[in-house]
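Single-structure report; data block below.
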Amino acid sequence: MKPVSKGLLFPECSFDGIVHSVFRHAVNIQLSDWEKTGILISLLHHKFQNAPNALRVAEADGTDWRGLFTPASTVYGRGGTLRFCGGVPIKISSATVPIWTAPCPEVSIRPAKLRVHWKEIDQCLTSLAPAGASFWCTPFFPKSLNGLRTREMAEAAVFPLIGAGSGLTPSGDDYLIGLLLILQVTEPDCHKVLASTITRHLSRTTHVSASYLKLAAKGHFSEALTDLRQAIFSSCPTLVPLQRAINRVLAVGSTSGADTLAGVRAALASATPAFH
């Protein structure tokens with residue numbers, strides 16, 4: 001396995017951990033300081049997007065990683081090398097592996113343009129909705145998120161969402177990440193209160209989802225999400241970049257992308273007046 005890129009938060013120093021979970025083309029690693037950081041690091045196939053806590057490696061598409069890595073087995077990093085118990089060592093020196101960092105979002109966009117982008121996201125989600133109720137059509141939050149500026153209101157809104165739904169990353173958690181993605185730019189104070197509230201309730205969800213939520217609370221998101229945010233706040237005369245970014249997000253998981261996009265939609269609905 002040859003490293004292709006790594007996120008800014010993938011550890012440079014020595015570390016110890018265990019394999020938390022293994023998938024066809026992904027491995028999650030729980031470091032020994034999990035109780036302190038609450039963030040997993042990941043080894044990803046090069047076909048996946050960059051992430052702040054991940055190392056992407058080149059590997060044949062047909063290789064099933066579930067036959068290469070064993071859950072609960074030992075893993076450690078020493079001297080720029082990632083080693084799995086019984087596996088092949090992977091060189092991860094930052095001198096040879098490009099470090100991926102998310103771009104800073106643009107915010108110089110006209111209110112009318114932002115409304116057009118919101119409408120594009122809204123129409124996309126509406127077209128995906130099956131007959132009857134669906135998560136991303138449910139107004140979990142009011143159009144105005146001003147209530148999230150207070151700890152009490154944030155608690156009331158966030159508590160039912162964390163861990164809500166099935167899967168490795170429950171729908172409620174994906175929705176919250178979408179909110180955090182936009183509020184970090186449009187309403188920093190609201191983002192701060194929401195992030196603090198979410199952090200207090202991470203024990204209600206899975207380790208993997210808790211890791212993503214903690215990263216989002218600190219302002220760190222995947223490449224697909226940061227690209228989406230760039231497209232939303234871009235003044236590009238066409239919708240092509242936004243449409244491409246939306247499709248890339250929707251390709252994540254079975255419903256995770258749509259659930260995250262629903263959170264984005266809700267945050268934008270609240271943010272639009274701020275751009276008048």
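Residue numbering restarts at 1 in every chain; chains get A, B, ... in the order shown in the structure tokens, and ligands count up from 1 in that same order.
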- request: Just list the residues in range 99-276 of chain A DSSP gives alpha helix (DSSP H) on the backbone, as a PyMOL selection string.
  value: chain A and resi 111-128+151-158+171-186+188-199+207-217+223-232+240-250+256-271
List as a PDB file with C-alpha atoms, in the first residue's frame the protein and nucleic acid residues near Arg56 in chain A, meaning an atom at most 8 Å away when only C-alpha atoms are counted, but skip any in the same chain fewer than 3 places from it.
ATOM      1  CA  PRO A   3       0.189   6.528   0.693  1.00  0.00           C
ATOM      2  CA  VAL A   4      -1.477   9.052  -1.610  1.00  0.00           C
ATOM      3  CA  SER A   5      -2.449  11.832   0.802  1.00  0.00           C
ATOM      4  CA  LYS A   6      -3.208  12.378   4.453  1.00  0.00           C
ATOM      5  CA  LEU A  43      -6.950   4.271   6.531  1.00  0.00           C
ATOM      6  CA  LEU A  44      -8.839   4.721   3.243  1.00  0.00           C
ATOM      7  CA  HIS A  45      -8.658   3.375  -0.287  1.00  0.00           C
ATOM      8  CA  HIS A  46      -7.482   6.060  -2.716  1.00  0.00           C
ATOM      9  CA  PHE A  48     -12.400   7.757  -1.327  1.00  0.00           C
ATOM     10  CA  ASN A  50      -9.829  13.131   1.686  1.00  0.00           C
TER      11      ASN A  50
END
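Distances here use only C-alpha atoms; by that measure, the residue among A:Glu155, A:Glu59, A:Asp173, A:Glu35 closest to Lys2 in chain A is A:Glu59.
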message: Applying 10 Å and only C-alpha atoms, which residues near Ser32 in chain A remain after dropping the ones on its own chain fewer than 5 positions away? List them as a PyMOL selection string.
response: chain A and resi 15-18+37+76
- request: Fewer than 3 positions away in the same chain doesn't count, so skip those; otherwise give me all residues within 12 Å of range 160-171 of chain A, counting only C-alpha atoms, as number ranges by chain.
  value: A: 21, 23, 28, 134-136, 138, 140-141, 154-157, 174-178, 194, 197-213, 252-263
Between CA of Thr150 in chain A and CA of Pro188 in chain A - distance in Å to one decimal: 13.2 Å
field: Pro105 in chain A environment, 9 Å, only C-alpha atoms, sequence neighbours closer than 2 positions dropped, as a VMD selection string
entry: chain A and resid 102 to 103 107 185 226 to 227 229 to 231 233 to 234
For the residues in the current selection, export N, CA and C atoms as a PDB file, in the first residue's frame.
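Once everything was written out, this is selection-v2.pdb:
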ATOM      1  N   ALA A 102      -8.411  21.593   4.047  1.00  0.00           N
ATOM      2  CA  ALA A 102      -9.638  22.136   3.465  1.00  0.00           C
ATOM      3  C   ALA A 102      -9.463  23.612   3.152  1.00  0.00           C
ATOM      4  N   PRO A 103     -10.007  24.076   2.038  1.00  0.00           N
ATOM      5  CA  PRO A 103      -9.925  25.499   1.688  1.00  0.00           C
ATOM      6  C   PRO A 103     -10.821  26.342   2.581  1.00  0.00           C
ATOM      7  N   VAL A 107     -17.329  33.920   1.318  1.00  0.00           N
ATOM      8  CA  VAL A 107     -18.622  34.356   1.860  1.00  0.00           C
ATOM      9  C   VAL A 107     -19.148  35.590   1.116  1.00  0.00           C
ATOM     10  N   VAL A 185     -19.707  29.192   9.048  1.00  0.00           N
ATOM     11  CA  VAL A 185     -19.462  30.355   8.196  1.00  0.00           C
ATOM     12  C   VAL A 185     -20.481  31.457   8.428  1.00  0.00           C
ATOM     13  N   THR A 226     -16.475  20.101   2.323  1.00  0.00           N
ATOM     14  CA  THR A 226     -15.856  21.423   2.164  1.00  0.00           C
ATOM     15  C   THR A 226     -15.979  21.911   0.724  1.00  0.00           C
ATOM     16  N   ASP A 227     -15.945  20.975  -0.232  1.00  0.00           N
ATOM     17  CA  ASP A 227     -16.166  21.362  -1.626  1.00  0.00           C
ATOM     18  C   ASP A 227     -17.604  21.840  -1.831  1.00  0.00           C
ATOM     19  N   ARG A 229     -19.479  23.263   0.433  1.00  0.00           N
ATOM     20  CA  ARG A 229     -19.584  24.591   1.040  1.00  0.00           C
ATOM     21  C   ARG A 229     -18.970  25.659   0.146  1.00  0.00           C
ATOM     22  N   GLN A 230     -17.842  25.321  -0.477  1.00  0.00           N
ATOM     23  CA  GLN A 230     -17.224  26.254  -1.420  1.00  0.00           C
ATOM     24  C   GLN A 230     -18.187  26.581  -2.567  1.00  0.00           C
ATOM     25  N   ALA A 231     -18.848  25.551  -3.076  1.00  0.00           N
ATOM     26  CA  ALA A 231     -19.762  25.749  -4.199  1.00  0.00           C
ATOM     27  C   ALA A 231     -20.978  26.573  -3.790  1.00  0.00           C
ATOM     28  N   PHE A 233     -21.201  28.926  -1.517  1.00  0.00           N
ATOM     29  CA  PHE A 233     -20.873  30.338  -1.317  1.00  0.00           C
ATOM     30  C   PHE A 233     -20.086  30.944  -2.473  1.00  0.00           C
ATOM     31  N   SER A 234     -19.993  30.202  -3.560  1.00  0.00           N
ATOM     32  CA  SER A 234     -19.301  30.706  -4.737  1.00  0.00           C
ATOM     33  C   SER A 234     -20.241  31.564  -5.585  1.00  0.00           C
TER      34      SER A 234
END
task: Pick out the closest residue to Thr63 in chain A from this set: A:Leu250, A:Ile90, A:Met1, A:Leu9. Count only C-alpha atoms.
output: A:Met1
query: Got a sec: who's within 8 Å of Ile92 in chain A, counting only C-alpha atoms, leaving out chain neighbours fewer than 3 positions off, as a PyMOL selection string?
result: chain A and resi 3+80-82+96-97
- prompt: When distances are computed from only C-alpha atoms, which of A:Ile29, A:Ile99, A:Ala60, A:Ile121 shows the smallest separation from Gly7 in chain A?
  reply: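 Answer, going by the shortest atom-to-atom distance: A:Ile99.
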query: Expressed in Å to a single decimal, how great is the separation between CA of Ala51 in chain A and CA of Thr186 in chain A?
result: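 CA of Ala51 in chain A sits 22.3 Å away from CA of Thr186 in chain A.
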